[in-house]
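Colleague: Supplied structure: target-v1.tsv, TSV, C-alpha atoms and all ligand atoms.
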```
chain	number	residue	atom	x	y	z
A	88	MET	CA	0.00	0.00	0.00
A	89	PRO	CA	1.26	3.53	-0.71
A	90	LYS	CA	1.64	5.91	2.26
A	91	SER	CA	-1.72	7.29	3.42
A	92	VAL	CA	-1.03	10.71	1.84
A	93	ASP	CA	-0.78	8.98	-1.53
A	94	LEU	CA	-3.88	6.83	-1.16
A	95	PRO	CA	-6.71	7.36	-3.64
A	96	LEU	CA	-9.93	8.97	-2.43
A	97	TYR	CA	-12.04	6.11	-1.07
A	98	LEU	CA	-15.51	6.28	-2.63
A	99	ASP	CA	-16.50	2.64	-2.19
A	100	ASN	CA	-18.21	2.77	1.21
A	101	ALA	CA	-21.09	0.58	-0.01
A	102	SER	CA	-18.58	-2.21	-0.39
A	103	THR	CA	-17.08	-1.69	3.04
A	104	THR	CA	-16.31	1.19	5.37
A	105	PRO	CA	-13.20	2.07	7.34
A	106	LEU	CA	-13.38	1.27	11.05
A	107	ASP	CA	-14.35	4.33	13.12
A	108	SER	CA	-11.59	4.92	15.68
A	109	ARG	CA	-14.25	5.28	18.42
A	110	VAL	CA	-15.46	1.78	17.52
A	111	PHE	CA	-11.90	0.50	17.64
A	112	ASP	CA	-11.47	2.03	21.12
A	113	ALA	CA	-14.68	0.38	22.34
A	114	MET	CA	-13.51	-3.01	21.06
A	115	THR	CA	-9.90	-2.98	22.26
A	116	PRO	CA	-10.49	-3.90	25.94
A	117	TYR	CA	-12.38	-7.01	24.82
A	118	PHE	CA	-9.27	-8.33	23.08
A	119	LEU	CA	-6.77	-7.44	25.78
A	120	GLU	CA	-8.44	-7.42	29.22
A	121	ASP	CA	-12.03	-8.64	29.10
A	122	TYR	CA	-11.21	-11.60	26.90
A	123	GLY	CA	-13.50	-14.09	28.65
A	124	ASN	CA	-15.88	-16.42	26.87
A	125	ALA	CA	-19.38	-14.94	27.20
A	126	ALA	CA	-20.71	-18.45	27.90
A	127	SER	CA	-18.24	-19.11	30.76
A	128	THR	CA	-19.93	-17.18	33.51
A	129	THR	CA	-18.47	-19.08	36.46
A	130	HIS	CA	-15.83	-16.33	36.73
A	131	ILE	CA	-15.49	-12.61	36.33
A	132	PHE	CA	-13.86	-12.78	32.88
A	133	GLY	CA	-16.86	-14.55	31.39
A	134	GLU	CA	-19.29	-12.45	33.37
A	135	ARG	CA	-17.84	-9.21	32.04
A	136	ALA	CA	-17.97	-10.48	28.47
A	137	ALA	CA	-21.55	-11.70	28.96
A	138	ARG	CA	-22.60	-8.34	30.40
A	139	ALA	CA	-21.06	-6.48	27.47
A	140	VAL	CA	-22.82	-8.77	24.98
A	141	LYS	CA	-26.13	-8.28	26.79
A	142	GLU	CA	-25.82	-4.49	26.62
A	143	SER	CA	-24.79	-4.64	22.96
A	144	ARG	CA	-27.75	-6.85	22.09
A	145	GLN	CA	-30.06	-4.30	23.72
A	146	THR	CA	-28.48	-1.39	21.81
A	147	ILE	CA	-29.02	-3.21	18.52
A	148	ALA	CA	-32.57	-4.25	19.42
A	149	ASP	CA	-33.42	-0.64	20.35
A	150	ALA	CA	-32.04	0.57	17.01
A	151	ILE	CA	-34.74	-1.31	15.10
A	152	ASN	CA	-37.45	-1.35	17.80
A	153	ALA	CA	-37.02	-5.07	18.50
A	154	GLN	CA	-36.52	-6.97	21.74
A	155	ALA	CA	-33.07	-8.12	22.83
A	156	ASP	CA	-33.84	-11.84	22.53
A	157	GLU	CA	-34.97	-11.33	18.93
A	158	ILE	CA	-31.40	-10.40	17.90
A	159	HIS	CA	-29.04	-13.22	16.81
A	160	PHE	CA	-25.39	-12.54	16.09
A	161	THR	CA	-23.83	-14.08	12.97
A	162	SER	CA	-20.59	-13.65	11.02
A	163	GLY	CA	-22.25	-11.06	8.79
A	164	ALA	CA	-25.21	-10.48	6.53
A	165	THR	CA	-24.50	-13.37	4.15
A	166	GLU	CA	-24.77	-15.87	6.99
A	167	ALA	CA	-27.84	-14.09	8.38
A	168	ILE	CA	-29.53	-14.29	4.96
A	169	ASN	CA	-28.73	-18.01	4.70
A	170	LEU	CA	-30.14	-18.54	8.18
A	171	ALA	CA	-33.32	-16.58	7.44
A	172	LEU	CA	-34.13	-18.19	4.09
A	173	LYS	CA	-32.90	-21.76	4.66
A	174	GLY	CA	-34.02	-21.68	8.29
A	175	ALA	CA	-37.56	-20.70	7.27
A	176	TYR	CA	-37.72	-23.09	4.32
A	177	PHE	CA	-36.45	-26.10	6.28
A	178	ALA	CA	-38.87	-25.33	9.11
A	179	PHE	CA	-42.03	-24.60	7.10
A	180	GLY	CA	-41.30	-25.36	3.42
A	181	GLN	CA	-43.05	-28.76	3.41
A	182	SER	CA	-46.47	-27.13	3.47
A	183	LYS	CA	-45.45	-23.76	2.04
A	184	PRO	CA	-42.70	-24.18	-0.59
A	185	HIS	CA	-43.21	-20.86	-2.40
A	186	ILE	CA	-40.84	-17.90	-1.90
A	187	ILE	CA	-41.08	-14.47	-3.51
A	188	THR	CA	-38.05	-12.28	-4.03
A	189	VAL	CA	-36.81	-9.66	-6.50
A	190	GLN	CA	-34.42	-9.81	-9.46
A	191	THR	CA	-32.27	-7.01	-8.02
A	192	GLU	CA	-31.51	-8.62	-4.65
A	193	HIS	CA	-27.93	-9.21	-3.47
A	194	LYS	CA	-26.35	-12.49	-4.59
A	195	ALA	CA	-26.53	-13.74	-1.01
A	196	VAL	CA	-30.33	-13.80	-1.39
A	197	LEU	CA	-30.44	-14.88	-5.06
A	198	ASP	CA	-27.93	-17.71	-4.67
A	199	THR	CA	-29.60	-18.97	-1.47
A	200	CYS	CA	-32.95	-18.96	-3.31
A	201	GLY	CA	-31.27	-20.82	-6.20
A	202	TYR	CA	-30.06	-23.46	-3.75
A	203	LEU	CA	-33.53	-23.75	-2.21
A	204	GLU	CA	-34.98	-24.29	-5.70
A	205	GLU	CA	-32.59	-27.24	-6.10
A	206	VAL	CA	-34.00	-28.81	-2.94
A	207	GLY	CA	-37.66	-28.26	-3.80
A	208	ALA	CA	-38.64	-24.63	-3.29
A	209	GLU	CA	-40.50	-22.67	-5.93
A	210	VAL	CA	-39.21	-19.11	-6.24
A	211	THR	CA	-40.81	-16.13	-7.99
A	212	TYR	CA	-38.29	-13.43	-8.97
A	213	LEU	CA	-40.23	-10.18	-9.34
A	214	PRO	CA	-39.06	-7.63	-11.94
A	215	VAL	CA	-38.43	-3.94	-11.15
A	216	ASP	CA	-39.23	-0.80	-13.15
A	217	SER	CA	-36.63	1.45	-14.76
A	218	GLU	CA	-35.99	3.15	-11.39
A	219	GLY	CA	-35.39	-0.18	-9.65
A	220	LEU	CA	-38.70	-0.28	-7.77
A	221	VAL	CA	-40.95	-3.29	-7.24
A	222	ASP	CA	-44.60	-2.97	-8.30
A	223	LEU	CA	-46.60	-3.49	-5.10
A	224	ASP	CA	-49.71	-4.71	-6.96
A	225	GLU	CA	-47.62	-7.34	-8.73
A	226	LEU	CA	-46.09	-8.38	-5.42
A	227	ASN	CA	-49.54	-8.60	-3.86
A	228	SER	CA	-50.95	-10.72	-6.67
A	229	SER	CA	-47.91	-13.04	-6.65
A	230	ILE	CA	-48.69	-14.19	-3.10
A	231	ARG	CA	-50.29	-17.64	-3.15
A	232	LYS	CA	-51.82	-19.94	-0.56
A	233	ASP	CA	-48.51	-21.84	-0.37
A	234	THR	CA	-46.30	-18.73	-0.15
A	235	LEU	CA	-43.96	-18.98	2.81
A	236	LEU	CA	-42.14	-15.70	2.67
A	237	VAL	CA	-41.36	-12.54	0.77
A	238	SER	CA	-37.73	-11.37	0.68
A	239	VAL	CA	-37.22	-7.78	-0.46
A	240	MET	CA	-34.15	-5.71	0.37
A	241	ALA	CA	-34.54	-2.35	2.09
A	242	ALA	CA	-31.83	-0.58	0.04
A	243	ASN	CA	-30.07	-1.84	-3.05
A	244	ASN	CA	-26.30	-2.27	-2.77
A	245	GLU	CA	-25.58	-1.00	-6.30
A	246	THR	CA	-27.98	1.92	-6.71
A	247	GLY	CA	-29.02	2.74	-3.14
A	248	VAL	CA	-32.68	2.58	-4.30
A	249	LEU	CA	-35.05	2.16	-1.36
A	250	GLN	CA	-38.00	-0.20	-1.61
A	251	ASP	CA	-41.22	0.71	0.21
A	252	ILE	CA	-40.71	-1.86	2.95
A	253	LYS	CA	-43.53	-0.51	5.11
A	254	SER	CA	-46.11	-1.14	2.38
A	255	ILE	CA	-44.54	-4.52	1.57
A	256	GLY	CA	-44.68	-5.44	5.26
A	257	GLU	CA	-48.36	-4.48	5.40
A	258	ILE	CA	-49.19	-6.58	2.34
A	259	CYS	CA	-47.36	-9.59	3.82
A	260	LYS	CA	-49.01	-9.15	7.20
A	261	SER	CA	-52.48	-8.95	5.65
A	262	LYS	CA	-51.83	-12.16	3.68
A	263	GLY	CA	-50.21	-14.02	6.58
A	264	VAL	CA	-46.80	-14.55	4.91
A	265	MET	CA	-43.43	-13.83	6.48
A	266	PHE	CA	-41.51	-10.74	5.40
A	267	PHE	CA	-37.71	-10.80	5.41
A	268	THR	CA	-35.74	-7.70	4.48
A	269	ASP	CA	-32.02	-7.56	3.73
A	270	ALA	CA	-31.24	-4.25	5.43
A	271	THR	CA	-27.46	-4.54	5.11
A	272	GLN	CA	-27.11	-1.22	3.26
A	273	ALA	CA	-29.96	0.56	5.05
A	274	TYR	CA	-29.12	-0.29	8.67
A	275	GLY	CA	-27.60	2.71	10.44
A	276	LYS	CA	-28.27	4.92	7.40
A	277	ILE	CA	-32.06	5.39	7.54
A	278	PRO	CA	-34.54	4.79	10.39
A	279	LEU	CA	-35.74	1.18	10.62
A	280	ASN	CA	-38.57	0.01	12.83
A	281	VAL	CA	-39.55	-3.66	12.61
A	282	LEU	CA	-42.88	-3.14	14.36
A	283	ASP	CA	-43.96	-0.11	12.39
A	284	GLN	CA	-42.76	-1.67	9.12
A	285	SER	CA	-44.24	-5.13	9.88
A	286	VAL	CA	-40.90	-6.90	9.36
A	287	ASP	CA	-40.53	-10.51	10.56
A	288	MET	CA	-36.81	-10.94	9.85
A	289	LEU	CA	-34.10	-8.39	9.08
A	290	CYS	CA	-30.34	-8.70	8.61
A	291	PHE	CA	-27.49	-6.26	9.11
A	292	SER	CA	-23.69	-6.16	9.02
A	293	ALA	CA	-21.13	-4.11	10.97
A	294	HIS	CA	-18.63	-3.48	8.19
A	295	LYS	CA	-21.07	-1.29	6.24
A	296	ILE	CA	-21.44	1.11	9.19
A	297	TYR	CA	-17.82	1.79	10.22
A	298	GLY	CA	-17.73	-1.34	12.37
A	299	PRO	CA	-15.51	-4.43	12.07
A	300	LYS	CA	-15.71	-7.10	9.37
A	301	GLY	CA	-16.98	-10.57	10.28
A	302	ILE	CA	-19.91	-9.64	12.51
A	303	GLY	CA	-23.57	-9.03	11.78
A	304	GLY	CA	-26.91	-10.34	12.82
A	305	LEU	CA	-30.45	-11.40	12.18
A	306	TYR	CA	-33.57	-10.10	13.85
A	307	VAL	CA	-36.20	-12.84	14.07
A	308	LYS	CA	-39.63	-11.91	15.38
A	309	LYS	CA	-40.56	-13.80	18.53
A	310	GLY	CA	-42.58	-16.92	17.79
A	311	ILE	CA	-40.85	-17.78	14.48
A	312	GLN	CA	-38.94	-21.03	14.99
A	313	LEU	CA	-36.31	-21.23	12.26
A	314	THR	CA	-34.27	-24.40	11.69
A	315	PRO	CA	-30.69	-23.65	12.82
A	316	GLN	CA	-28.01	-23.80	10.12
A	317	ILE	CA	-24.98	-24.14	12.42
A	318	HIS	CA	-25.26	-26.75	15.15
A	319	GLY	CA	-23.18	-27.01	18.30
A	320	GLY	CA	-23.33	-25.56	21.78
A	321	GLY	CA	-26.75	-23.95	21.40
A	322	HIS	CA	-25.58	-20.32	21.45
A	323	GLU	CA	-27.81	-17.48	20.29
A	324	PHE	CA	-31.00	-18.97	21.71
A	325	GLY	CA	-30.24	-22.26	19.99
A	326	LEU	CA	-30.28	-20.69	16.54
A	327	ARG	CA	-26.59	-20.21	15.80
A	328	SER	CA	-23.96	-22.14	17.71
A	329	GLY	CA	-20.37	-21.01	18.16
A	330	THR	CA	-18.41	-18.98	20.72
A	331	LEU	CA	-19.49	-15.37	20.51
A	332	ASN	CA	-17.25	-12.81	18.81
A	333	VAL	CA	-17.30	-10.48	21.81
A	334	PRO	CA	-15.09	-7.65	20.46
A	335	GLY	CA	-17.00	-7.80	17.16
A	336	ILE	CA	-20.36	-7.60	18.93
A	337	LEU	CA	-19.15	-4.62	20.97
A	338	GLY	CA	-17.93	-3.01	17.75
A	339	LEU	CA	-21.27	-3.61	16.02
A	340	ALA	CA	-23.14	-2.06	18.94
A	341	LYS	CA	-20.84	0.97	19.16
A	342	ALA	CA	-21.02	1.53	15.40
A	343	THR	CA	-24.82	1.26	15.58
A	344	GLN	CA	-25.01	3.77	18.41
A	345	LEU	CA	-22.80	6.29	16.57
A	346	CYS	CA	-24.70	5.89	13.29
A	347	LEU	CA	-28.01	6.54	15.03
A	348	GLU	CA	-26.68	9.58	16.91
A	349	GLU	CA	-25.15	11.07	13.76
A	350	MET	CA	-27.66	9.85	11.18
A	351	GLU	CA	-29.38	13.15	10.53
A	352	GLU	CA	-26.24	15.22	10.22
A	353	VAL	CA	-24.34	12.66	8.18
A	354	SER	CA	-27.19	12.04	5.74
A	355	THR	CA	-27.88	15.74	5.23
A	356	ARG	CA	-24.26	16.45	4.41
A	357	LEU	CA	-23.69	13.37	2.27
A	358	ARG	CA	-26.91	14.00	0.35
A	359	LYS	CA	-25.72	17.51	-0.47
A	360	LEU	CA	-22.31	16.21	-1.56
A	361	ARG	CA	-23.96	13.59	-3.77
A	362	ASP	CA	-26.62	15.93	-5.20
A	363	ASP	CA	-24.10	18.67	-5.98
A	364	PHE	CA	-21.89	16.12	-7.71
A	365	GLU	CA	-24.74	14.70	-9.80
A	366	THR	CA	-26.18	18.12	-10.72
A	367	GLU	CA	-22.84	19.45	-11.87
A	368	MET	CA	-21.93	16.30	-13.79
A	369	GLU	CA	-25.32	16.05	-15.50
A	370	LYS	CA	-25.19	19.73	-16.43
A	371	ALA	CA	-21.85	19.07	-18.13
A	372	ARG	CA	-23.41	16.01	-19.85
A	373	LYS	CA	-20.82	13.69	-18.40
A	374	ILE	CA	-23.13	11.20	-16.69
A	375	LYS	CA	-26.68	9.81	-16.59
A	376	VAL	CA	-27.80	8.79	-13.11
A	377	ASN	CA	-29.34	5.34	-12.64
A	378	GLY	CA	-32.40	5.18	-10.35
A	379	LYS	CA	-32.45	8.96	-10.04
A	380	ASN	CA	-36.22	9.31	-9.60
A	381	ALA	CA	-36.56	6.66	-6.90
A	382	PRO	CA	-35.99	7.32	-3.21
A	383	ARG	CA	-32.31	6.53	-2.63
A	384	LEU	CA	-29.81	6.28	0.19
A	385	PRO	CA	-28.17	9.71	0.45
A	386	HIS	CA	-24.58	8.57	-0.05
A	387	PHE	CA	-25.06	6.52	-3.26
A	388	SER	CA	-24.54	7.64	-6.83
A	389	ASN	CA	-24.77	5.07	-9.62
A	390	PHE	CA	-24.42	6.49	-13.12
A	391	GLN	CA	-23.53	5.78	-16.72
A	392	LEU	CA	-20.48	7.56	-18.11
A	393	LEU	CA	-21.39	9.32	-21.33
A	394	ASN	CA	-17.97	10.23	-22.73
A	395	GLU	CA	-15.72	7.39	-21.70
A	396	GLU	CA	-15.74	3.68	-20.96
A	397	ALA	CA	-15.91	2.83	-17.27
A	398	GLU	CA	-12.97	0.49	-17.54
A	399	SER	CA	-10.68	3.12	-19.01
A	400	PHE	CA	-11.91	5.65	-16.42
A	401	ILE	CA	-11.00	3.25	-13.62
A	402	LEU	CA	-7.57	2.51	-15.09
A	403	ARG	CA	-6.82	6.17	-15.75
A	404	ASN	CA	-7.83	7.22	-12.22
A	405	ARG	CA	-6.69	4.17	-10.30
A	406	ASN	CA	-4.33	6.19	-8.14
A	407	LYS	CA	-6.81	8.98	-7.56
A	408	ILE	CA	-10.15	7.45	-6.59
A	409	ALA	CA	-11.50	4.06	-5.54
A	410	VAL	CA	-14.91	3.40	-7.09
A	411	ALA	CA	-16.95	0.33	-8.01
A	412	GLN	CA	-17.90	-1.00	-11.41
A	413	GLY	CA	-20.55	-3.71	-11.76
A	414	SER	CA	-21.44	-5.71	-8.67
A	415	ALA	CA	-18.11	-5.15	-7.00
A	416	CYS	CA	-18.99	-6.42	-3.55
A	417	ASN	CA	-19.91	-9.88	-4.83
A	418	SER	CA	-16.47	-11.17	-5.63
A	419	ALA	CA	-13.15	-10.29	-7.17
A	420	LEU	CA	-14.73	-10.74	-10.60
A	421	VAL	CA	-16.43	-7.78	-12.25
A	422	GLN	CA	-19.60	-9.22	-13.74
A	423	PRO	CA	-22.30	-7.42	-15.70
A	424	SER	CA	-24.68	-5.93	-13.18
A	425	HIS	CA	-27.87	-7.98	-12.82
A	426	VAL	CA	-29.37	-4.97	-11.02
A	427	LEU	CA	-28.88	-2.51	-13.87
A	428	LYS	CA	-29.99	-5.16	-16.37
A	429	ALA	CA	-33.23	-5.67	-14.44
A	430	MET	CA	-33.74	-1.88	-14.58
A	431	GLY	CA	-33.64	-2.13	-18.37
A	432	LEU	CA	-30.09	-0.98	-19.10
A	433	GLY	CA	-28.33	-2.61	-22.05
A	434	ASP	CA	-25.01	-4.46	-21.66
A	435	LYS	CA	-22.99	-1.44	-22.76
A	436	GLU	CA	-24.86	0.98	-20.45
A	437	GLY	CA	-24.41	-1.42	-17.57
A	438	GLU	CA	-20.71	-1.91	-18.29
A	439	ASN	CA	-20.23	1.83	-18.47
A	440	SER	CA	-21.84	2.44	-15.09
A	441	LEU	CA	-19.97	3.28	-11.92
A	442	ARG	CA	-21.02	3.42	-8.30
A	443	LEU	CA	-19.69	6.13	-6.03
A	444	SER	CA	-20.54	5.71	-2.36
A	445	PHE	CA	-19.56	8.56	-0.10
A	446	GLY	CA	-18.86	7.98	3.58
A	447	SER	CA	-18.78	9.94	6.77
A	448	PRO	CA	-15.01	10.58	6.52
A	449	HIS	CA	-15.89	12.76	3.50
A	450	ILE	CA	-18.25	15.12	5.23
A	451	ALA	CA	-15.46	17.32	6.47
A	452	LYS	CA	-13.89	17.45	3.02
A	453	ASP	CA	-16.00	20.01	1.26
A	454	PHE	CA	-13.39	20.33	-1.45
A	455	ILE	CA	-14.02	16.74	-2.50
A	456	ASN	CA	-16.29	17.60	-5.43
A	457	LYS	CA	-13.89	20.07	-7.00
A	458	LYS	CA	-11.29	17.32	-7.10
A	459	LEU	CA	-13.83	14.81	-8.35
A	460	PHE	CA	-15.20	16.83	-11.28
A	461	LYS	CA	-11.74	17.16	-12.77
A	462	LEU	CA	-11.36	13.40	-13.03
A	463	PHE	CA	-14.28	12.96	-15.44
A	464	ASN	CA	-14.08	13.61	-19.19
B	501	LIG	C1	-27.41	-5.73	0.37
B	501	LIG	C2	-26.33	-6.63	0.87
B	501	LIG	N1	-26.66	-7.84	1.36
B	501	LIG	C3	-25.73	-8.68	1.84
B	501	LIG	C4	-24.40	-8.35	1.85
B	501	LIG	C5	-23.39	-9.32	2.43
B	501	LIG	O1	-22.92	-8.81	3.64
B	501	LIG	P1	-21.68	-9.44	4.44
B	501	LIG	O2	-20.47	-8.90	3.77
B	501	LIG	O3	-21.84	-8.95	5.84
B	501	LIG	O4	-21.81	-10.92	4.34
B	501	LIG	C6	-24.00	-7.10	1.32
B	501	LIG	C7	-22.58	-6.72	1.24
B	501	LIG	O5	-21.84	-7.11	0.41
B	501	LIG	C8	-24.99	-6.23	0.83
B	501	LIG	O6	-24.67	-5.03	0.34
```
Before anything else, please render the file you have as C-alpha cells.
Ligand SMILES: Cc1ncc(COP(=O)(O)O)c(C=O)c1O
Modeller:
Amino acid sequence: MPKSVDLPLYLDNASTTPLDSRVFDAMTPYFLEDYGNAASTTHIFGERAARAVKESRQTIADAINAQADEIHFTSGATEAINLALKGAYFAFGQSKPHIITVQTEHKAVLDTCGYLEEVGAEVTYLPVDSEGLVDLDELNSSIRKDTLLVSVMAANNETGVLQDIKSIGEICKSKGVMFFTDATQAYGKIPLNVLDQSVDMLCFSAHKIYGPKGIGGLYVKKGIQLTPQIHGGGHEFGLRSGTLNVPGILGLAKATQLCLEEMEEVSTRLRKLRDDFETEMEKARKIKVNGKNAPRLPHFSNFQLLNEEAESFILRNRNKIAVAQGSACNSALVQPSHVLKAMGLGDKEGENSLRLSFGSPHIAKDFINKKLFKLFN
C-alpha cells in the first residue's frame, strides 16, 4: 500500500467502510483485558464479556425497535440471509414451498434462493421498473396460498434505491406470509422500525457502518422457529452455535449507536455532496444517473459515463479514486450488473456504469467535489 497521503480517495463505502476509531477504542479492551468467553460465567472474565454482549444486544434491538432476545449474532449479513431463508424453508417449506423475491436482490439472497430451488422450493423473482422499484400490486398478486415468505431488500447495494418496505410489510401481514428484508445497506443509514414496518426478519452487518468485518446479525420476530443452520453448543437462543465474537459484537453495537446519533447530520451532508456532484456532472453532460427518480440512500450515486468507458476511467484514475464497477462487492470478478440489467439498461450501459458511495469521513472534506469533477471527461 502507498503511504496514506498517496492513497486514492475512497468512494466505495457501499462495499465496506473504514473502522471508526471510536469503535476501535470500544472493542480494544475485549481483546486485551475482558477476553472471557461470554458463555463461561463461572468467573469474572466470562461475566464481564456476557454483560457487554447483553448491553450490545439491547443497543441493537433498540435501534430497530425489537426486543433483545430477537437479535441473533452471525458472522455477517450473508450468513444471516442463509439462516433466514434456509431456516424458514427447512422449518415450514413442506407445506409452504413458495418464496417471492426480486431480481435485483444481493447475490446472497439470489444464490440462497437458487439453492432452495434445487432442494424443492419454488421461487418467484419479481421484476423492477426502470428506477429499480418493485410494483406493489404485482407483489400482492404473486402471493399464493402456499407462499412462505417474501424477501425484499430495504436498500439496493448498487444503486441505493429504497424499496417501500412498510407497504410490503403491510401486504405480507395482511396475507399471513413472512416478510424478510435484507437491510445490510440501510441499517444505520435510515430509520428502521420492525414493528412499524411489519418486518418478521431483518439482517445487518457491521462493516457497512464503520464497524468491524466478520460480525452481523439477524432479527427474528418472537414466535418464528427457524431451523438452525450451524449446530453445536446452542448459542444465540439455539439458533446459531459457536463462541461469541465479543469484540465484534461490541464493535457492532458501538457503530450502531454512533450511526443513530449522527444519522441526521451525516445524511444531510452526504446528500448535499452527492446531489451537488450529480447536478454538476449532469449539467456538463458527463453522466446519466441510474435510479435517479426513486428514493435513494443519500450517499449513493450510480451512473452511466457518457464520454468514456468505465474500464478506461478506472484505469486512468486508479491512483486517484476508488470506485466500483458492476457488482463489485460480490467477488473479485467484475460481472455485468444484474441490477442494472433488471432496470432495463443494455449491456454497454451497464458496463459503463460506476457506483460512487460517499462515507462519513468525507463530510469534512467540502473540497471533494472540485477534485472529483476534474477526473471525469
Ligand atoms: C445488500 C447486501 N446484502 C448482503 C451483503 C453481504 O454482507 P456481508 O459482507 O456482511 O456478508 C452485502 C454486502 O456485500 C450487501 O450489500
Colleague: Please identify every polymer residue within 7 Å of ligand LIG 501 (chain B), using only C-alpha atoms and all ligand atoms, and present the set as a list of chain:residue names.
Modeller: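 With only C-alpha atoms and all ligand atoms and a cut-off of 7 Å, ligand LIG 501 (chain B) is contacted by A:Ala101, A:Ser102, A:Gly163, A:Ala164, A:Thr165, A:Glu166, A:His193, A:Ala195, A:Met240, A:Ala242, A:Asn243, A:Asn244, A:Asp269, A:Ala270, A:Thr271, A:Gln272, A:Ser292, A:His294, A:Gly301, A:Ile302, A:Gly303, A:Cys416, A:Asn417.
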Colleague: Tell me which of A:Ile147, A:Met265, A:Cys200, A:Ile187 sits closest to A:Ile230, counting all atoms listed in the file.
Modeller: A:Ile187
Colleague: Taking every listed atom of stretch 107-120 of chain A and adding 3 Å to each side, what centre and edge lengths in Å (one decimal) does the axis-aligned box have, as AutoDock Vina command-line options?
Modeller:
```
--center_x -11.1 --center_y -1.5 --center_z 21.2 --size_x 14.7 --size_y 19.6 --size_z 22.1
```
Colleague: Could you give me, as a count of residues only, the residues within 6 Å of A:Gly247, counting all atoms listed in the file and dropping anything in the same chain fewer than 5 positions from it?
Modeller: 4
Colleague: So how many Å separate atom CA of A:Gln391 and atom CA of A:Thr103, to one decimal?
Modeller: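 Taking atom CA of A:Gln391 as the start and atom CA of A:Thr103 as the end point, the length is 22.1 Å.
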Colleague: Here's a test: counting all atoms listed in the file, identify every protein, DNA and RNA residue with an atom at most 9 Å from (-43.3, 3.4, -2.8) in the file's coordinate frame, and state them as an MDAnalysis selection string.
Modeller: chainID A and resid 220:223 249:254 381:382
Colleague: Kindly complete stretch 441-446 of chain A to all heavy atoms; the output should be written as a compact mmCIF listing (two decimals), keeping the file's coordinate frame.
Modeller:
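Printed below is result14.txt as written:
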```
# COMPACT_ATOMS: atom_id res chain seq x y z
N LEU A 441 -20.83 3.30 -13.11
CA LEU A 441 -19.97 3.28 -11.92
C LEU A 441 -20.82 3.56 -10.69
O LEU A 441 -21.86 4.20 -10.79
CB LEU A 441 -18.91 4.39 -12.00
CG LEU A 441 -17.85 4.30 -13.09
CD1 LEU A 441 -16.99 5.57 -13.05
CD2 LEU A 441 -16.97 3.07 -12.91
N ARG A 442 -20.35 3.08 -9.56
CA ARG A 442 -21.02 3.42 -8.30
C ARG A 442 -20.03 4.18 -7.43
O ARG A 442 -18.94 3.68 -7.14
CB ARG A 442 -21.45 2.15 -7.57
CG ARG A 442 -22.09 2.45 -6.20
CD ARG A 442 -22.28 1.20 -5.37
NE ARG A 442 -21.01 0.62 -4.94
CZ ARG A 442 -20.88 -0.58 -4.38
NH1 ARG A 442 -21.93 -1.33 -4.19
NH2 ARG A 442 -19.69 -1.03 -4.03
N LEU A 443 -20.45 5.38 -7.02
CA LEU A 443 -19.69 6.13 -6.03
C LEU A 443 -20.47 6.05 -4.72
O LEU A 443 -21.67 6.31 -4.72
CB LEU A 443 -19.63 7.61 -6.42
CG LEU A 443 -18.37 8.18 -7.08
CD1 LEU A 443 -18.06 7.44 -8.35
CD2 LEU A 443 -18.57 9.65 -7.36
N SER A 444 -19.83 5.69 -3.65
CA SER A 444 -20.54 5.71 -2.36
C SER A 444 -19.70 6.50 -1.37
O SER A 444 -18.63 6.07 -0.98
CB SER A 444 -20.86 4.30 -1.88
OG SER A 444 -19.80 3.41 -2.09
N PHE A 445 -20.24 7.68 -1.04
CA PHE A 445 -19.56 8.56 -0.10
C PHE A 445 -19.69 8.00 1.31
O PHE A 445 -20.59 7.22 1.59
CB PHE A 445 -20.17 9.96 -0.15
CG PHE A 445 -20.06 10.63 -1.49
CD1 PHE A 445 -21.10 10.56 -2.40
CD2 PHE A 445 -18.89 11.31 -1.83
CE1 PHE A 445 -21.00 11.17 -3.64
CE2 PHE A 445 -18.79 11.93 -3.08
CZ PHE A 445 -19.84 11.86 -3.98
N GLY A 446 -18.80 8.46 2.20
CA GLY A 446 -18.86 7.98 3.58
C GLY A 446 -18.64 9.11 4.55
O GLY A 446 -18.26 10.22 4.15
```
